[in-house]
Amino acid sequence: MQTSPYGSWPSPIDAALAAAHDGHPEWLGFVGDEVWWTEPRPAEGGRRTLVRRRADGTEEPVLPAPWNVRSRVIEYGGHPWAGAVVDGAPLVVFVHFADQRLYRYEFGGEPVPLTPVSPVGGGLRWAEPQLRLDLGEVWCVLEEFTGDGPTVVRRVLVAVPLDGSAARDRDAVRELTDDRHRFVTGPRISPDGTRAAWLAWDHPRMPWDGTELVVAEVLGGMLQEPRTVAGGPEESIAQADWSPDGRLLYASDRTGWWNLYRDGEQLCPREEEFGGALWKLGHRWFAPLDSGLIAVVHGTGSTALGILDPETGELVDAAGPWTEFAPTLAVHGERVVAVGASPRTAYEVVELDTRTGRARVIGAPHADPVDPAYYPEPLIRVFTGPDGRDIHAHVYPPHHPGYTAPGDGLPPYVVWAHGGPTGHAPLVLDLSIAYFTSRGIGVAEVNYGGSTGYGREYRDRLREQWGVVDVEDCAAVALALADEGTADRDRLAVRGGSAGGWTAAASLTTTDVYACGTIVYPILDLTGWGTGETHDFESQYLESLVGPLAEVPGRYAERSPVEHADRITAPFLLLQGLDDVICPPAQCERFLARIAGRQVPHAYLAFEGEGHGFRRADTMVRALEAELSLYAQVFGLNPPGVPTLELTR
């Protein structure tokens with residue numbers, strides 16, 4: 001064991017390696033007996049490809065570059081593809097990111113567009129396609145911009161002809177519903193084909209605040225007499241589906257936890273989540289099997305994959321190392337596939353044998369790019385915050401198999417604030433965290449009040465308290481680590497992206513806890529963001545996070561980092577995608593204008609071609625190396641082989 005100061009340990013986990021392993025499999029589905037999914041390609045411009053697993057276990061991409069299987073509906077996207085076996089060969093429909101058109105693809109040919117391009121505003125966008133081969137159609141969600149503004153938009157359920165007749169004719173797209181609701185999810189069709197169920201909600205609610213479960217009769221290829229059967233302004237239904245015998249299944253938080261119901265009857269009463277925040281259309285936490293059993297992703301904090309018997313309430317979890325499952329499930333007969341990960345493995349495609357309860361990896365298998373001895377070893381912690389409230393966090397101490405620090409010195413720590421803010425930091429292997437811990441810098445991921453995974457009461461702590469509770473909880477964790485002798489009080493940093501970028505910036509303007517911070521594609525100006533600077537989905541999110549703008553306009557200014565830039569004295573790094581329509585660059589530019597001439601060391605890196613969430617390998621490398629360089633300069637570290645970030649004043 002060699003001795004070297006914290007932050008100077010040599011590591012085989014470089015920024016390029018971390019970038020290459022960013023992202024994970026998503027949007028599982030069956031095409032015949034084959035399992036298919038989407039998968040990121042950071043080295044190919046950040047596109048997402050469609051992957052198939054053949055019967056012999058081999059994997060292959062379905063579409064070459066530049067095809068990018070990704071939807072922009074509600075900007076965060078949704079399930080972008082569907083497939084079936086027709087005449088012995090796969091038929092696939094998918095959304096291409098570049099033009100957002102829906103395409104039909106058959107092997108041996110080229111993708112053929114099924115939908116037109118609209119010159120109006122954000123155009124026409126599609127999500128959750130479902131093949132209705134009996135009708136010669138694709139049923140899906142249409143998001144249609146009717147003007148140039150980001151909120152001049154309508155969403156309806158539609159039927160797109162499979163024969164391509166709508167490729168140049170918007171009128172050939174058949175609308176199945178009216179636009180009485182601002183937001184809708186794709187319809188789930190009952191086993192006998194006579195009914196459809198979907199979720200709907202309206203501003204200013206977000207789907208984790210309250211949704212309606214709508215059911216309609218399916219007659220002659222039309223949806224007739226839609227009616228609300230569950231949900232409401234204070235009840236969030238996260239997902240709906242049908243049992244094999246035609247009973248309605250859904251996940252509702254009416255008890256304070258997202259639990260499963262069948263025709264209104266609670267199936268497995270537990271203080272656990274069997275659902276989550278619907279950030280993307282098509283997220284799936286449960287899936288009914290032909291046997292009547294239900295595959296479920298459930299848990300408190302972390303999640304497990306299990307099989308629920310709805311008749312007895314018995315729940316049996318899959319055996320295996322995974323501690324987190326993504327909200328994507330697919331079933332075929334008695335086969336269940338999911339996407340799972342752990343602190344020692346990245347996300348991989350897992351198949352569960354419902355007869356034995358055993359699970360195995362069948363796709364995107366985790367391959368250790370370096371010796372796992374360099375991986376961080378997380379600690380699940382619960383800290384005490386203001387008013388004695390619990391704060392959940394994952395603490396990743398510095399860890400290196402061949403190095404230790406000299407003497408009694410304490411390591412620097414970076415507090416990570418997740419996005420959302422109605423989100424969650426999962427307990428999984430993240431090479432971006434390992435990038436720091438293997439060099440001698442600790443990381444603490446904070447699931448501050450407002451995070452999902454701990455029930456509605458915990459989630460509701462952030463109502464009208466954004467910029468207060470999240471900031472206090474992160475600071476409480478940082479100071480507790482220092483007080484207990486885990487972290488160096490003088491070498492604490494904060495970082496976050498999106499809503500986490502807001503928390504990082506607000507922390508630097510309202511506390512003296514941190515010596516520096518990294519702010520990634522942030523919200524910085526509440527008034528601007530709440531009056532048209534963001535997309536439609538979150539355009540009224542602040543009504544619950546901060547309060548009604550018409551009633552408390554002063555609160556918007558009081559909490560905005562852009563209004564208090566004069567309070568910042570700590571060095572910071574600001575990272576931004578120039579194509580970001582959720583947290584636009586204008587917010588960063590206003591913030592920097594207020595900083596100008598104040599002699600605060602900082603750097604601003606803006607990336608062309610990047611939106612909300614960096615996807616290109618070169619961008620991620622530059623951002624990660626810049627972040628490490630900031631900490632090196634502020635904390636007096638000497639990490640080998642890291643380009644120096646130029647800080648301006």
# chains A, B, ... in the order shown; residues from 1 in each chain; ligands from 1
$ residues_around --residues "stretch 8-23 of chain A" --least-positions-apart "2" --cutoff "9 Å" --atoms "only C-alpha atoms" --output "PyMOL selection string"
chain A and resi 3-6+25+39-43+346-347+369-371+374+400+402-405+430-436+438-440+615-625+632+637-641
$ closest_atom_pairs --of "stretch 327-436 of chain A" --to "stretch 509-514 of chain A" --cutoff "12 Å" --atoms "only C-alpha atoms" --output "CSV"
residue,atom,partner,partner_atom,distance
A:Pro412,CA,A:Tyr514,CA,10.7
A:Tyr413,CA,A:Tyr514,CA,9.8
A:Val414,CA,A:Tyr514,CA,9.0
A:Val415,CA,A:Tyr514,CA,9.2
$ select_by_dssp --residues "stretch 142-350 of chain A" --states "strand (DSSP E)" --output "PyMOL selection string"
chain A and resi 142-145+153-161+174-175+183-184+188-189+195-201+212-219+222-231+237-242+248-252+259-262+265-266+286-288+294-298+304-308+315-317+324-332+335-342+345-350
$ residues_around --residues "stretch 281-288 of chain A" --least-positions-apart "2" --cutoff "6 Å" --atoms "only C-alpha atoms" --output "JSON, numbers by chain"
{"A": [78, 79, 185, 243, 275, 294, 295, 296, 297, 327, 328, 329]}
$ residues_around --residues "stretch 342-345 of chain A" --least-positions-apart "5" --cutoff "8 Å" --atoms "only C-alpha atoms" --output "VMD selection string"
chain A and resid 321 to 324 366 372 375 to 378 427 to 430
$ write_last_selection --atoms "N, CA, C and O atoms" --output "PDB file, in the first residue's frame"
ATOM      1  N   PRO A 321     -27.799 -10.271  -7.548  1.00  0.00           N
ATOM      2  CA  PRO A 321     -27.034  -9.206  -6.906  1.00  0.00           C
ATOM      3  C   PRO A 321     -27.623  -7.812  -7.084  1.00  0.00           C
ATOM      4  O   PRO A 321     -27.117  -6.860  -6.502  1.00  0.00           O
ATOM      5  N   TRP A 322     -28.682  -7.668  -7.866  1.00  0.00           N
ATOM      6  CA  TRP A 322     -29.147  -6.344  -8.252  1.00  0.00           C
ATOM      7  C   TRP A 322     -29.875  -5.652  -7.111  1.00  0.00           C
ATOM      8  O   TRP A 322     -30.685  -6.245  -6.412  1.00  0.00           O
ATOM      9  N   THR A 323     -29.587  -4.371  -6.930  1.00  0.00           N
ATOM     10  CA  THR A 323     -30.203  -3.578  -5.871  1.00  0.00           C
ATOM     11  C   THR A 323     -31.080  -2.460  -6.416  1.00  0.00           C
ATOM     12  O   THR A 323     -31.669  -1.712  -5.651  1.00  0.00           O
ATOM     13  N   GLU A 324     -31.152  -2.349  -7.730  1.00  0.00           N
ATOM     14  CA  GLU A 324     -31.955  -1.292  -8.350  1.00  0.00           C
ATOM     15  C   GLU A 324     -32.443  -1.786  -9.699  1.00  0.00           C
ATOM     16  O   GLU A 324     -31.677  -2.349 -10.484  1.00  0.00           O
ATOM     17  N   HIS A 366     -22.854  -6.591 -17.899  1.00  0.00           N
ATOM     18  CA  HIS A 366     -21.810  -5.756 -17.317  1.00  0.00           C
ATOM     19  C   HIS A 366     -20.451  -6.417 -17.533  1.00  0.00           C
ATOM     20  O   HIS A 366     -20.257  -7.590 -17.231  1.00  0.00           O
ATOM     21  N   PRO A 372     -12.455  -4.458 -10.484  1.00  0.00           N
ATOM     22  CA  PRO A 372     -13.498  -3.967  -9.574  1.00  0.00           C
ATOM     23  C   PRO A 372     -12.967  -3.486  -8.231  1.00  0.00           C
ATOM     24  O   PRO A 372     -13.714  -2.841  -7.482  1.00  0.00           O
ATOM     25  N   TYR A 375     -13.652   0.086  -7.710  1.00  0.00           N
ATOM     26  CA  TYR A 375     -15.017   0.598  -7.602  1.00  0.00           C
ATOM     27  C   TYR A 375     -15.268   1.128  -6.188  1.00  0.00           C
ATOM     28  O   TYR A 375     -14.737   0.597  -5.209  1.00  0.00           O
ATOM     29  N   PRO A 376     -16.101   2.136  -6.058  1.00  0.00           N
ATOM     30  CA  PRO A 376     -16.405   2.669  -4.724  1.00  0.00           C
ATOM     31  C   PRO A 376     -17.243   1.679  -3.917  1.00  0.00           C
ATOM     32  O   PRO A 376     -17.912   0.800  -4.464  1.00  0.00           O
ATOM     33  N   GLU A 377     -17.190   1.833  -2.626  1.00  0.00           N
ATOM     34  CA  GLU A 377     -17.938   0.971  -1.716  1.00  0.00           C
ATOM     35  C   GLU A 377     -18.927   1.848  -0.936  1.00  0.00           C
ATOM     36  O   GLU A 377     -18.574   2.470   0.068  1.00  0.00           O
ATOM     37  N   PRO A 378     -20.162   1.921  -1.404  1.00  0.00           N
ATOM     38  CA  PRO A 378     -21.119   2.873  -0.829  1.00  0.00           C
ATOM     39  C   PRO A 378     -21.635   2.460   0.540  1.00  0.00           C
ATOM     40  O   PRO A 378     -21.705   1.267   0.880  1.00  0.00           O
ATOM     41  N   LEU A 427     -28.832   3.445  -6.118  1.00  0.00           N
ATOM     42  CA  LEU A 427     -27.626   2.832  -5.547  1.00  0.00           C
ATOM     43  C   LEU A 427     -27.054   1.858  -6.577  1.00  0.00           C
ATOM     44  O   LEU A 427     -27.290   0.649  -6.517  1.00  0.00           O
ATOM     45  N   VAL A 428     -26.315   2.403  -7.549  1.00  0.00           N
ATOM     46  CA  VAL A 428     -25.781   1.590  -8.644  1.00  0.00           C
ATOM     47  C   VAL A 428     -24.356   2.039  -8.956  1.00  0.00           C
ATOM     48  O   VAL A 428     -23.920   3.130  -8.574  1.00  0.00           O
ATOM     49  N   LEU A 429     -23.643   1.178  -9.680  1.00  0.00           N
ATOM     50  CA  LEU A 429     -22.290   1.508 -10.100  1.00  0.00           C
ATOM     51  C   LEU A 429     -22.326   2.651 -11.109  1.00  0.00           C
ATOM     52  O   LEU A 429     -22.978   2.567 -12.133  1.00  0.00           O
ATOM     53  N   ASP A 430     -21.612   3.708 -10.798  1.00  0.00           N
ATOM     54  CA  ASP A 430     -21.513   4.875 -11.667  1.00  0.00           C
ATOM     55  C   ASP A 430     -20.033   5.214 -11.779  1.00  0.00           C
ATOM     56  O   ASP A 430     -19.405   5.617 -10.797  1.00  0.00           O
TER      57      ASP A 430
END
$ residues_around --residues "A:Trp529" --least-positions-apart "4" --cutoff "10 Å" --atoms "only C-alpha atoms" --output "number ranges by chain"
A: 523-525, 533-535, 538-542, 556, 582-584, 587
$ write_last_selection --atoms "C-alpha atoms" --output "PDB file, in the first residue's frame"
ATOM      1  CA  ILE A 523     -32.350  26.506 -13.481  1.00  0.00           C
ATOM      2  CA  LEU A 524     -31.112  29.851 -12.159  1.00  0.00           C
ATOM      3  CA  ASP A 525     -33.972  32.304 -12.678  1.00  0.00           C
ATOM      4  CA  GLU A 533     -38.408  29.989 -20.779  1.00  0.00           C
ATOM      5  CA  THR A 534     -38.967  26.258 -20.522  1.00  0.00           C
ATOM      6  CA  HIS A 535     -40.993  23.528 -22.178  1.00  0.00           C
ATOM      7  CA  GLU A 538     -42.660  21.667 -16.597  1.00  0.00           C
ATOM      8  CA  SER A 539     -43.952  25.140 -17.445  1.00  0.00           C
ATOM      9  CA  GLN A 540     -46.131  25.216 -14.306  1.00  0.00           C
ATOM     10  CA  TYR A 541     -44.041  22.913 -12.132  1.00  0.00           C
ATOM     11  CA  LEU A 542     -43.016  25.870  -9.979  1.00  0.00           C
ATOM     12  CA  TYR A 556     -39.486  33.684  -7.058  1.00  0.00           C
ATOM     13  CA  ILE A 582     -35.637  22.668 -20.744  1.00  0.00           C
ATOM     14  CA  CYS A 583     -33.000  24.785 -18.980  1.00  0.00           C
ATOM     15  CA  PRO A 584     -31.975  27.205 -21.742  1.00  0.00           C
ATOM     16  CA  GLN A 587     -30.358  31.540 -17.786  1.00  0.00           C
TER      17      GLN A 587
END
